[in-house]
file query15.cif (mmCIF, C-alpha atoms and all ligand atoms)
data_run
loop_
_atom_site.group_PDB
_atom_site.id
_atom_site.type_symbol
_atom_site.label_atom_id
_atom_site.label_comp_id
_atom_site.auth_asym_id
_atom_site.auth_seq_id
_atom_site.Cartn_x
_atom_site.Cartn_y
_atom_site.Cartn_z
ATOM 1 C CA MET A 1 -61.207 -5.484 7.343
ATOM 2 C CA THR A 2 -59.605 -5.030 10.715
ATOM 3 C CA GLY A 3 -58.958 -1.697 12.314
ATOM 4 C CA PRO A 4 -60.626 1.628 11.665
ATOM 5 C CA VAL A 5 -60.288 3.692 8.516
ATOM 6 C CA LEU A 6 -58.217 6.796 9.199
ATOM 7 C CA VAL A 7 -60.041 9.690 7.496
ATOM 8 C CA THR A 8 -57.942 12.867 7.200
ATOM 9 C CA GLY A 9 -59.749 16.163 6.679
ATOM 10 C CA ALA A 10 -62.658 14.556 8.515
ATOM 11 C CA ALA A 11 -64.204 17.863 9.595
ATOM 12 C CA GLY A 12 -64.657 19.026 5.994
ATOM 13 C CA ARG A 13 -67.552 18.565 3.565
ATOM 14 C CA ILE A 14 -66.600 15.130 2.248
ATOM 15 C CA GLY A 15 -65.240 14.020 5.621
ATOM 16 C CA THR A 16 -68.563 14.826 7.241
ATOM 17 C CA VAL A 17 -70.394 12.769 4.614
ATOM 18 C CA LEU A 18 -68.035 9.817 5.134
ATOM 19 C CA ARG A 19 -68.220 9.998 8.924
ATOM 20 C CA GLY A 20 -71.956 9.468 8.531
ATOM 21 C CA GLY A 21 -71.911 6.938 5.700
ATOM 22 C CA LEU A 22 -68.918 4.653 6.209
ATOM 23 C CA PRO A 23 -70.112 3.225 9.563
ATOM 24 C CA GLU A 24 -73.391 2.230 7.858
ATOM 25 C CA ARG A 25 -71.273 0.137 5.509
ATOM 26 C CA GLY A 26 -69.407 -1.573 8.337
ATOM 27 C CA TRP A 27 -66.336 0.630 8.625
ATOM 28 C CA ALA A 28 -65.124 1.987 11.947
ATOM 29 C CA VAL A 29 -63.836 5.535 11.507
ATOM 30 C CA ARG A 30 -60.839 7.281 13.061
ATOM 31 C CA SER A 31 -61.207 10.962 12.189
ATOM 32 C CA LEU A 32 -58.294 13.389 11.929
ATOM 33 C CA ASP A 33 -58.333 17.093 11.155
ATOM 34 C CA VAL A 34 -56.559 20.300 12.247
ATOM 35 C CA VAL A 35 -59.842 21.299 13.813
ATOM 36 C CA ALA A 36 -61.951 19.130 16.099
ATOM 37 C CA VAL A 37 -64.739 17.268 14.322
ATOM 38 C CA PRO A 38 -68.109 18.547 15.479
ATOM 39 C CA GLU A 39 -70.224 16.055 17.392
ATOM 40 C CA PRO A 40 -68.187 12.836 17.145
ATOM 41 C CA ARG A 41 -70.383 9.783 16.480
ATOM 42 C CA THR A 42 -70.698 6.872 18.866
ATOM 43 C CA GLY A 43 -67.646 4.653 18.402
ATOM 44 C CA GLU A 44 -65.788 7.225 16.311
ATOM 45 C CA GLU A 45 -62.165 7.866 17.262
ATOM 46 C CA HIS A 46 -61.191 11.503 16.692
ATOM 47 C CA LEU A 47 -57.806 13.163 16.625
ATOM 48 C CA VAL A 48 -56.681 16.743 16.141
ATOM 49 C CA ALA A 49 -53.439 16.818 14.140
ATOM 50 C CA ASP A 50 -51.827 18.465 11.154
ATOM 51 C CA VAL A 51 -51.487 16.120 8.204
ATOM 52 C CA THR A 52 -48.033 17.591 7.475
ATOM 53 C CA ASP A 53 -46.780 16.360 10.886
ATOM 54 C CA LEU A 54 -45.288 13.006 9.862
ATOM 55 C CA ALA A 55 -44.780 11.740 13.410
ATOM 56 C CA ALA A 56 -48.359 12.534 14.385
ATOM 57 C CA MET A 57 -49.658 11.016 11.152
ATOM 58 C CA THR A 58 -47.652 7.826 11.680
ATOM 59 C CA ASP A 59 -49.068 7.502 15.204
ATOM 60 C CA ALA A 60 -52.552 8.139 13.842
ATOM 61 C CA ALA A 61 -52.166 5.479 11.154
ATOM 62 C CA ARG A 62 -51.075 2.709 13.553
ATOM 63 C CA GLY A 63 -53.644 -0.098 13.622
ATOM 64 C CA ALA A 64 -55.729 1.408 10.804
ATOM 65 C CA SER A 65 -56.948 -0.835 7.987
ATOM 66 C CA ALA A 66 -56.732 1.993 5.428
ATOM 67 C CA VAL A 67 -56.224 5.734 5.080
ATOM 68 C CA VAL A 68 -58.704 7.947 3.256
ATOM 69 C CA HIS A 69 -56.772 11.147 2.660
ATOM 70 C CA LEU A 70 -58.977 14.210 2.198
ATOM 71 C CA ALA A 71 -57.125 16.856 4.221
ATOM 72 C CA GLY A 72 -55.784 19.902 2.485
ATOM 73 C CA ILE A 73 -56.796 23.060 0.693
ATOM 74 C CA SER A 74 -59.788 22.201 -1.468
ATOM 75 C CA GLY A 75 -59.479 24.936 -4.095
ATOM 76 C CA GLU A 76 -57.006 27.411 -5.594
ATOM 77 C CA SER A 77 -54.681 29.332 -3.253
ATOM 78 C CA THR A 78 -51.090 30.546 -3.144
ATOM 79 C CA TRP A 79 -48.244 28.259 -4.152
ATOM 80 C CA ALA A 80 -46.840 28.328 -0.610
ATOM 81 C CA ALA A 81 -50.133 27.242 0.940
ATOM 82 C CA ILE A 82 -50.961 24.618 -1.710
ATOM 83 C CA SER A 83 -47.506 23.059 -1.843
ATOM 84 C CA HIS A 84 -47.332 22.753 1.938
ATOM 85 C CA ALA A 85 -50.814 21.482 2.797
ATOM 86 C CA ASN A 86 -51.487 19.437 -0.326
ATOM 87 C CA ILE A 87 -48.147 18.128 -1.571
ATOM 88 C CA GLU A 88 -46.291 17.808 1.747
ATOM 89 C CA GLY A 89 -49.561 16.600 3.301
ATOM 90 C CA THR A 90 -50.025 13.845 0.736
ATOM 91 C CA TYR A 91 -46.416 12.739 1.141
ATOM 92 C CA CYS A 92 -46.983 12.501 4.905
ATOM 93 C CA ALA A 93 -50.238 10.546 4.495
ATOM 94 C CA LEU A 94 -48.567 7.967 2.238
ATOM 95 C CA GLU A 95 -45.332 7.778 4.198
ATOM 96 C CA ALA A 96 -47.252 7.434 7.470
ATOM 97 C CA ALA A 97 -49.272 4.572 5.959
ATOM 98 C CA ARG A 98 -46.064 2.852 4.864
ATOM 99 C CA ARG A 99 -44.353 3.306 8.236
ATOM 100 C CA ALA A 100 -47.432 2.107 10.119
ATOM 101 C CA GLY A 101 -47.915 -0.934 7.867
ATOM 102 C CA VAL A 102 -51.252 0.229 6.434
ATOM 103 C CA GLY A 103 -51.720 -1.426 3.051
ATOM 104 C CA ARG A 104 -54.305 0.792 1.377
ATOM 105 C CA VAL A 105 -54.643 4.527 0.799
ATOM 106 C CA VAL A 106 -57.535 6.275 -0.950
ATOM 107 C CA LEU A 107 -56.548 9.723 -2.208
ATOM 108 C CA ALA A 108 -58.955 12.595 -2.881
ATOM 109 C CA SER A 109 -57.623 13.726 -6.241
ATOM 110 C CA SER A 110 -59.572 16.055 -8.466
ATOM 111 C CA ASN A 111 -60.743 16.717 -11.993
ATOM 112 C CA HIS A 112 -58.423 19.753 -11.803
ATOM 113 C CA ALA A 113 -55.412 17.407 -12.203
ATOM 114 C CA SER A 114 -56.462 17.306 -15.857
ATOM 115 C CA GLY A 115 -58.497 20.492 -15.993
ATOM 116 C CA TYR A 116 -57.349 21.698 -19.421
ATOM 117 C CA THR A 117 -58.357 18.424 -21.084
ATOM 118 C CA GLU A 118 -61.206 19.027 -23.515
ATOM 119 C CA ARG A 119 -64.525 17.291 -23.906
ATOM 120 C CA PRO A 120 -64.201 14.549 -26.558
ATOM 121 C CA ALA A 121 -66.028 15.136 -29.860
ATOM 122 C CA ASP A 122 -68.148 12.121 -29.025
ATOM 123 C CA GLY A 123 -68.296 9.489 -26.346
ATOM 124 C CA LEU A 124 -67.080 9.551 -22.772
ATOM 125 C CA LEU A 125 -63.664 10.680 -21.539
ATOM 126 C CA ARG A 126 -61.620 7.880 -20.036
ATOM 127 C CA GLU A 127 -59.015 8.573 -17.351
ATOM 128 C CA ALA A 128 -56.355 7.199 -19.719
ATOM 129 C CA ASP A 129 -57.224 10.019 -22.142
ATOM 130 C CA ALA A 130 -56.947 12.655 -19.421
ATOM 131 C CA PRO A 131 -53.237 12.754 -18.529
ATOM 132 C CA PRO A 132 -51.835 15.400 -16.167
ATOM 133 C CA ARG A 133 -52.966 18.791 -17.464
ATOM 134 C CA PRO A 134 -53.509 20.821 -14.315
ATOM 135 C CA ASP A 135 -55.511 24.021 -14.446
ATOM 136 C CA THR A 136 -54.233 25.685 -11.238
ATOM 137 C CA TYR A 137 -51.604 25.243 -8.501
ATOM 138 C CA TYR A 138 -54.365 23.252 -6.803
ATOM 139 C CA GLY A 139 -54.495 20.996 -9.872
ATOM 140 C CA VAL A 140 -50.701 20.648 -9.785
ATOM 141 C CA SER A 141 -50.991 19.416 -6.200
ATOM 142 C CA LYS A 142 -53.432 16.725 -7.364
ATOM 143 C CA VAL A 143 -51.029 15.670 -10.138
ATOM 144 C CA ALA A 144 -48.355 15.392 -7.431
ATOM 145 C CA MET A 145 -50.826 13.433 -5.297
ATOM 146 C CA GLU A 146 -51.380 10.907 -8.091
ATOM 147 C CA ALA A 147 -47.626 10.721 -8.778
ATOM 148 C CA LEU A 148 -46.851 10.101 -5.104
ATOM 149 C CA GLY A 149 -49.558 7.441 -5.006
ATOM 150 C CA SER A 150 -48.067 5.746 -8.051
ATOM 151 C CA LEU A 151 -44.612 5.797 -6.433
ATOM 152 C CA TYR A 152 -45.849 4.259 -3.186
ATOM 153 C CA ALA A 153 -47.761 1.571 -5.104
ATOM 154 C CA ASP A 154 -44.832 0.600 -7.312
ATOM 155 C CA ARG A 155 -42.022 0.957 -4.786
ATOM 156 C CA TYR A 156 -43.687 -0.230 -1.596
ATOM 157 C CA GLY A 157 -46.627 -2.315 -2.851
ATOM 158 C CA LEU A 158 -49.358 -0.178 -1.310
ATOM 159 C CA ASP A 159 -52.813 -0.288 -2.877
ATOM 160 C CA VAL A 160 -53.515 3.332 -3.845
ATOM 161 C CA VAL A 161 -56.799 4.450 -5.365
ATOM 162 C CA CYS A 162 -56.974 8.058 -6.588
ATOM 163 C CA LEU A 163 -60.482 9.456 -6.903
ATOM 164 C CA ARG A 164 -60.663 12.319 -9.407
ATOM 165 C CA ILE A 165 -63.669 13.862 -7.748
ATOM 166 C CA GLY A 166 -65.957 16.144 -9.744
ATOM 167 C CA SER A 167 -68.211 18.330 -7.578
ATOM 168 C CA ALA A 168 -68.964 16.711 -4.217
ATOM 169 C CA PHE A 169 -71.674 18.875 -2.707
ATOM 170 C CA ALA A 170 -75.088 18.300 -1.175
ATOM 171 C CA GLU A 171 -76.645 19.209 -4.514
ATOM 172 C CA PRO A 172 -75.545 20.705 -7.846
ATOM 173 C CA THR A 173 -75.629 24.513 -7.850
ATOM 174 C CA THR A 174 -74.345 25.351 -11.369
ATOM 175 C CA THR A 175 -75.135 24.018 -14.829
ATOM 176 C CA ARG A 176 -71.588 22.590 -15.053
ATOM 177 C CA GLN A 177 -72.352 20.531 -11.981
ATOM 178 C CA LEU A 178 -75.209 18.874 -13.867
ATOM 179 C CA SER A 179 -72.305 16.948 -15.473
ATOM 180 C CA THR A 180 -69.789 16.834 -12.637
ATOM 181 C CA TRP A 181 -71.869 16.331 -9.464
ATOM 182 C CA LEU A 182 -70.919 13.519 -7.063
ATOM 183 C CA SER A 183 -73.807 13.111 -4.653
ATOM 184 C CA PRO A 184 -73.261 12.447 -0.949
ATOM 185 C CA ALA A 185 -74.599 8.872 -1.257
ATOM 186 C CA ASP A 186 -72.358 8.221 -4.262
ATOM 187 C CA THR A 187 -69.374 9.713 -2.394
ATOM 188 C CA VAL A 188 -69.837 7.049 0.266
ATOM 189 C CA ALA A 189 -70.390 4.340 -2.367
ATOM 190 C CA LEU A 190 -67.230 5.319 -4.256
ATOM 191 C CA VAL A 191 -64.991 5.430 -1.186
ATOM 192 C CA ASP A 192 -66.478 2.139 0.046
ATOM 193 C CA ALA A 193 -65.678 0.537 -3.335
ATOM 194 C CA ALA A 194 -62.122 1.924 -3.219
ATOM 195 C CA LEU A 195 -61.692 0.457 0.265
ATOM 196 C CA ARG A 196 -63.139 -2.949 -0.639
ATOM 197 C CA ALA A 197 -61.859 -3.711 -4.159
ATOM 198 C CA PRO A 198 -59.579 -6.743 -3.980
ATOM 199 C CA SER A 199 -55.925 -5.803 -4.555
ATOM 200 C CA PRO A 200 -56.528 -2.782 -6.801
ATOM 201 C CA GLY A 201 -52.851 -1.808 -7.008
ATOM 202 C CA PHE A 202 -52.666 1.755 -8.372
ATOM 203 C CA ARG A 203 -55.847 3.174 -9.923
ATOM 204 C CA VAL A 204 -57.077 6.594 -11.003
ATOM 205 C CA VAL A 205 -60.856 6.882 -11.431
ATOM 206 C CA TRP A 206 -63.349 9.676 -12.017
ATOM 207 C CA GLY A 207 -65.649 10.401 -9.095
ATOM 208 C CA VAL A 208 -69.042 11.493 -10.429
ATOM 209 C CA SER A 209 -72.623 10.380 -10.133
ATOM 210 C CA ASP A 210 -74.304 8.706 -13.089
ATOM 211 C CA ASN A 211 -75.514 12.095 -14.318
ATOM 212 C CA THR A 212 -77.484 12.242 -17.561
ATOM 213 C CA ARG A 213 -75.103 15.025 -18.735
ATOM 214 C CA ARG A 214 -71.945 13.239 -17.547
ATOM 215 C CA TRP A 215 -69.095 13.072 -20.065
ATOM 216 C CA TRP A 216 -66.527 11.339 -17.853
ATOM 217 C CA ASP A 217 -66.422 7.574 -18.230
ATOM 218 C CA LEU A 218 -67.371 5.557 -15.160
ATOM 219 C CA SER A 219 -66.173 2.121 -16.254
ATOM 220 C CA ALA A 220 -62.905 2.357 -14.285
ATOM 221 C CA ALA A 221 -64.786 3.314 -11.102
ATOM 222 C CA GLU A 222 -67.325 0.571 -11.764
ATOM 223 C CA ALA A 223 -64.491 -1.936 -12.154
ATOM 224 C CA LEU A 224 -63.699 -1.189 -8.501
ATOM 225 C CA GLY A 225 -67.304 -2.042 -7.573
ATOM 226 C CA TYR A 226 -68.794 1.484 -7.602
ATOM 227 C CA ARG A 227 -72.455 1.757 -8.541
ATOM 228 C CA SER A 228 -73.950 5.252 -8.655
ATOM 229 C CA THR A 229 -77.530 5.661 -7.518
ATOM 230 C CA ASP A 230 -77.891 9.404 -8.231
ATOM 231 C CA ASP A 231 -78.296 11.718 -11.221
ATOM 232 C CA ALA A 232 -78.067 15.523 -11.148
ATOM 233 C CA GLU A 233 -80.722 15.804 -13.851
ATOM 234 C CA GLY A 234 -83.462 16.232 -11.279
ATOM 235 C CA HIS A 235 -81.943 19.701 -10.646
ATOM 236 C CA ALA A 236 -81.645 20.585 -14.349
ATOM 237 C CA ALA A 237 -84.938 22.380 -14.857
ATOM 238 C CA ALA A 238 -84.320 24.860 -12.033
ATOM 239 C CA LEU A 239 -80.646 25.449 -12.908
ATOM 240 C CA VAL A 240 -81.302 25.873 -16.630
ATOM 241 C CA ALA A 241 -84.189 28.240 -15.898
ATOM 242 C CA ALA A 242 -81.862 30.343 -13.733
ATOM 243 C CA HIS A 243 -78.679 30.215 -15.839
ATOM 244 C CA GLY A 244 -79.667 29.077 -19.346
ATOM 245 C CA GLU A 245 -78.767 25.918 -21.264
ATOM 246 C CA PRO A 246 -74.987 25.291 -21.063
ATOM 247 C CA ASP A 247 -73.032 26.504 -24.114
ATOM 248 C CA LEU A 248 -70.743 23.558 -24.843
ATOM 249 C CA ALA A 249 -68.290 25.861 -26.681
ATOM 250 C CA ASP A 250 -67.706 27.781 -23.428
ATOM 251 C CA PRO A 251 -64.499 26.646 -21.628
ATOM 252 C CA VAL A 252 -66.565 26.194 -18.483
ATOM 253 C CA HIS A 253 -68.429 23.363 -20.213
ATOM 254 C CA ARG A 254 -65.787 22.312 -22.756
ATOM 255 C CA ARG A 255 -62.907 21.624 -20.387
ATOM 256 C CA VAL A 256 -62.686 19.116 -17.549
ATOM 257 C CA GLY A 257 -61.783 21.825 -15.015
ATOM 258 C CA GLY A 258 -64.550 24.235 -16.033
ATOM 259 C CA GLU A 259 -64.245 27.706 -14.531
ATOM 260 C CA TYR A 260 -60.864 26.824 -12.984
ATOM 261 C CA THR A 261 -59.412 27.139 -16.516
ATOM 262 C CA THR A 262 -60.504 30.776 -16.806
ATOM 263 C CA ALA A 263 -58.564 33.944 -15.930
ATOM 264 C CA ASP A 264 -60.576 34.328 -12.714
ATOM 265 C CA PHE A 265 -58.550 31.437 -11.343
ATOM 266 C CA ASP A 266 -55.109 32.959 -11.956
ATOM 267 C CA ALA A 267 -53.285 32.346 -8.672
ATOM 268 C CA GLU A 268 -52.568 36.063 -8.240
ATOM 269 C CA ASN A 269 -56.274 36.489 -7.474
ATOM 270 C CA PHE A 270 -55.911 34.288 -4.385
ATOM 271 C CA THR A 271 -54.518 34.839 -0.914
ATOM 272 C CA ALA A 272 -53.833 32.086 1.609
HETATM 273 N N1 LIG B 1 -65.737 18.829 -2.639
HETATM 274 C C1 LIG B 1 -65.350 18.660 -3.924
HETATM 275 O O1 LIG B 1 -66.128 18.904 -4.853
HETATM 276 C C2 LIG B 1 -63.984 18.129 -4.265
HETATM 277 C C3 LIG B 1 -63.672 17.919 -5.613
HETATM 278 C C4 LIG B 1 -62.431 17.405 -5.948
HETATM 279 C C5 LIG B 1 -61.529 17.085 -4.947
HETATM 280 N N2 LIG B 1 -61.846 17.312 -3.638
HETATM 281 C C6 LIG B 1 -60.849 17.003 -2.620
HETATM 282 O O2 LIG B 1 -61.438 16.264 -1.567
HETATM 283 C C7 LIG B 1 -60.843 16.639 -0.328
HETATM 284 C C8 LIG B 1 -61.924 17.055 0.652
HETATM 285 O O3 LIG B 1 -62.691 18.083 0.066
HETATM 286 P P1 LIG B 1 -63.803 18.878 0.886
HETATM 287 O O4 LIG B 1 -64.731 19.437 -0.110
HETATM 288 O O5 LIG B 1 -64.309 18.034 1.992
HETATM 289 O O6 LIG B 1 -62.906 20.057 1.447
HETATM 290 P P2 LIG B 1 -63.068 20.913 2.796
HETATM 291 O O7 LIG B 1 -62.302 22.168 2.554
HETATM 292 O O8 LIG B 1 -64.496 21.014 3.203
HETATM 293 O O9 LIG B 1 -62.315 20.025 3.879
HETATM 294 C C9 LIG B 1 -60.915 19.926 3.968
HETATM 295 C C10 LIG B 1 -60.570 19.611 5.414
HETATM 296 O O10 LIG B 1 -59.154 19.441 5.512
HETATM 297 C C11 LIG B 1 -58.753 20.030 6.728
HETATM 298 N N3 LIG B 1 -57.339 20.388 6.636
HETATM 299 C C12 LIG B 1 -56.786 21.366 5.865
HETATM 300 N N4 LIG B 1 -55.460 21.401 6.048
HETATM 301 C C13 LIG B 1 -55.174 20.420 6.953
HETATM 302 C C14 LIG B 1 -53.976 19.964 7.531
HETATM 303 N N5 LIG B 1 -52.799 20.534 7.231
HETATM 304 N N6 LIG B 1 -54.029 18.939 8.400
HETATM 305 C C15 LIG B 1 -55.230 18.364 8.720
HETATM 306 N N7 LIG B 1 -56.402 18.765 8.202
HETATM 307 C C16 LIG B 1 -56.376 19.782 7.330
HETATM 308 C C17 LIG B 1 -59.646 21.243 6.924
HETATM 309 O O11 LIG B 1 -59.693 21.640 8.292
HETATM 310 C C18 LIG B 1 -60.973 20.715 6.402
HETATM 311 O O12 LIG B 1 -61.768 20.185 7.445
HETATM 312 C C19 LIG B 1 -59.837 17.731 -0.642
HETATM 313 O O13 LIG B 1 -58.550 17.147 -0.764
HETATM 314 C C20 LIG B 1 -60.299 18.266 -1.975
HETATM 315 O O14 LIG B 1 -59.230 18.820 -2.719
HETATM 316 C C21 LIG B 1 -63.052 17.835 -3.267
#

call {"tool": "encode", "arguments": {"input": "query15.cif", "output": "structure tokens"}}
result
Amino acid sequence: MTGPVLVTGAAGRIGTVLRGGLPERGWAVRSLDVVAVPEPRTGEEHLVADVTDLAAMTDAARGASAVVHLAGISGESTWAAISHANIEGTYCALEAARRAGVGRVVLASSNHASGYTERPADGLLREADAPPRPDTYYGVSKVAMEALGSLYADRYGLDVVCLRIGSAFAEPTTTRQLSTWLSPADTVALVDAALRAPSPGFRVVWGVSDNTRRWWDLSAAEALGYRSTDDAEGHAAALVAAHGEPDLADPVHRRVGGEYTTADFDAENFTA
């Protein structure tokens, strides 16, 4: 591994976790965001740029060993905002990597790329059984992200690993997240595995902790080298006491995308 990892969206929640955790695993970090990262770490390079600015992104990618692309709108919004930041932004991240000769890109996809997929009657849901079935314009942008990644892998030989992240927060705050939580430590472990796996080609993997209530299969992520060390179950007693045991017939618990599949998430309820 030569050269820093370019992390886009570095000032956000996941970016902040990675800026702390990747250096502990031997990666130098070059942070990029539209806003300045707060308190840059010793040795951290930091750039302010818009991920949809291809020239700036290509400059930023020069000399990097990989790109971890997080930047964008991280929930539902208007079509104009989502298509620009998330779809144009992902194109620019991949095209900048190609132009700068960076061989690996890790993409922050989402469970919402397949949000309407239902919980299997038994067993765990594999990525192969969760084809594109977006639950929002946001989910559409993650389908486009995976499609662009596939194109750049097949056409230009880039290694592209798409992480279908569940709920990457400091701790689970809803009963759904008892299934879908990706802890901060596991976020670092998953991205590290995606950066290190030998010649992965194109992969799509779920990004969750090894939660007791998990119903998304982790074998594809583990094939990359990911090992989860966290489980949301330690938060179950408090969350169930506050909100009740999850009703598995409820779309929030029955579908991959949870509440994003409900009428509350109709795009007309959102402004940019
Ligand atoms: N946190 C989760 O649970 C979760 C789940 C699934 C997928 N993801 C994906 O992971 C990524 C990071 O999520 P997060 O929770 O850290 O989100 P976040 O909203 O905290 O951070 C996103 C960052 O991207 C930056 N950004 C937005 N538009 C930009 C642009 N045009 N150019 C440069 N930077 C820009 C923002 O300034 C922000 O710092 C997102 O792509 C999100 O869709 C997150």

call {"tool": "closest_residue", "arguments": {"input": "query15.cif", "among": "A:Gly207, A:Pro132, A:Gly72, A:Pro200", "to": "Val188 of chain A", "atoms": "all atoms listed in the file"}}
result
A:Gly207

call {"tool": "resolve_selection", "arguments": {"input": "query15.cif", "expression": "the PyMOL selection byres (((chain A and resi 70) around 6) and not hetatm)", "output": "JSON, numbers by chain"}}
result
{"A": [8, 9, 69, 71, 108]}

call {"tool": "residues_near_ligand", "arguments": {"input": "query15.cif", "ligand": "ligand LIG 1 (chain B)", "cutoff": "8 Å", "atoms": "only C-alpha atoms and all ligand atoms", "output": "number ranges by chain"}}
result
A: 8-16, 32-35, 48-52, 69-75, 84-86, 89, 107-112, 138, 142, 163-169, 181-182

call {"tool": "atom_distance", "arguments": {"input": "query15.cif", "atom1": "atom CA of Glu233 of chain A", "atom2": "atom CA of His253 of chain A"}}
result
15.8 Å

call {"tool": "resolve_selection", "arguments": {"input": "query15.cif", "expression": "the PyMOL selection byres (((chain A and resi 28) around 10) and not hetatm)", "output": "mmCIF file with C-alpha atoms, in the frame of the given file"}}
result
data_model
loop_
_atom_site.group_PDB
_atom_site.id
_atom_site.type_symbol
_atom_site.label_atom_id
_atom_site.label_comp_id
_atom_site.auth_asym_id
_atom_site.auth_seq_id
_atom_site.Cartn_x
_atom_site.Cartn_y
_atom_site.Cartn_z
ATOM 1 C CA MET A 1 -61.207 -5.484 7.343
ATOM 2 C CA THR A 2 -59.605 -5.030 10.715
ATOM 3 C CA GLY A 3 -58.958 -1.697 12.314
ATOM 4 C CA PRO A 4 -60.626 1.628 11.665
ATOM 5 C CA VAL A 5 -60.288 3.692 8.516
ATOM 6 C CA LEU A 6 -58.217 6.796 9.199
ATOM 7 C CA ARG A 19 -68.220 9.998 8.924
ATOM 8 C CA LEU A 22 -68.918 4.653 6.209
ATOM 9 C CA PRO A 23 -70.112 3.225 9.563
ATOM 10 C CA GLU A 24 -73.391 2.230 7.858
ATOM 11 C CA ARG A 25 -71.273 0.137 5.509
ATOM 12 C CA GLY A 26 -69.407 -1.573 8.337
ATOM 13 C CA TRP A 27 -66.336 0.630 8.625
ATOM 14 C CA VAL A 29 -63.836 5.535 11.507
ATOM 15 C CA ARG A 30 -60.839 7.281 13.061
ATOM 16 C CA SER A 31 -61.207 10.962 12.189
ATOM 17 C CA GLY A 43 -67.646 4.653 18.402
ATOM 18 C CA GLU A 44 -65.788 7.225 16.311
ATOM 19 C CA GLU A 45 -62.165 7.866 17.262
ATOM 20 C CA ALA A 64 -55.729 1.408 10.804
ATOM 21 C CA SER A 65 -56.948 -0.835 7.987
#

call {"tool": "residues_around", "arguments": {"input": "query15.cif", "residues": "Leu158 of chain A", "least_positions_apart": "2", "cutoff": "10 Å", "atoms": "all atoms listed in the file", "output": "PyMOL selection string"}}
result
chain A and resi 94+97-98+101-105+149-156+160-161+199-202

call {"tool": "atom_distance", "arguments": {"input": "query15.cif", "atom1": "atom CA of Gly234 of chain A", "atom2": "atom CA of Asp186 of chain A"}}
result
15.4 Å

call {"tool": "atom_distance", "arguments": {"input": "query15.cif", "atom1": "atom CA of Thr90 of chain A", "atom2": "atom CA of Leu148 of chain A"}}
result
7.6 Å

call {"tool": "decode", "arguments": {"input": "query15.cif", "residues": "segment 53-66 of chain A", "atoms": "C-alpha atoms", "output": "PDB file, in the first residue's frame"}}
result
ATOM      1  CA  ASP A  53     -15.859  18.797  -9.643  1.00  0.00           C
ATOM      2  CA  LEU A  54     -14.078  16.234 -11.829  1.00  0.00           C
ATOM      3  CA  ALA A  55     -10.902  18.277 -12.264  1.00  0.00           C
ATOM      4  CA  ALA A  56     -10.556  18.845  -8.530  1.00  0.00           C
ATOM      5  CA  MET A  57     -11.322  15.190  -7.824  1.00  0.00           C
ATOM      6  CA  THR A  58      -8.728  14.015 -10.349  1.00  0.00           C
ATOM      7  CA  ASP A  59      -6.110  16.259  -8.725  1.00  0.00           C
ATOM      8  CA  ALA A  60      -7.136  14.953  -5.312  1.00  0.00           C
ATOM      9  CA  ALA A  61      -6.839  11.331  -6.427  1.00  0.00           C
ATOM     10  CA  ARG A  62      -3.293  11.679  -7.817  1.00  0.00           C
ATOM     11  CA  GLY A  63      -0.855   9.533  -5.833  1.00  0.00           C
ATOM     12  CA  ALA A  64      -3.604   7.903  -3.748  1.00  0.00           C
ATOM     13  CA  SER A  65      -3.556   4.137  -3.224  1.00  0.00           C
ATOM     14  CA  ALA A  66      -7.370   3.946  -3.116  1.00  0.00           C
TER      15      ALA A  66
END
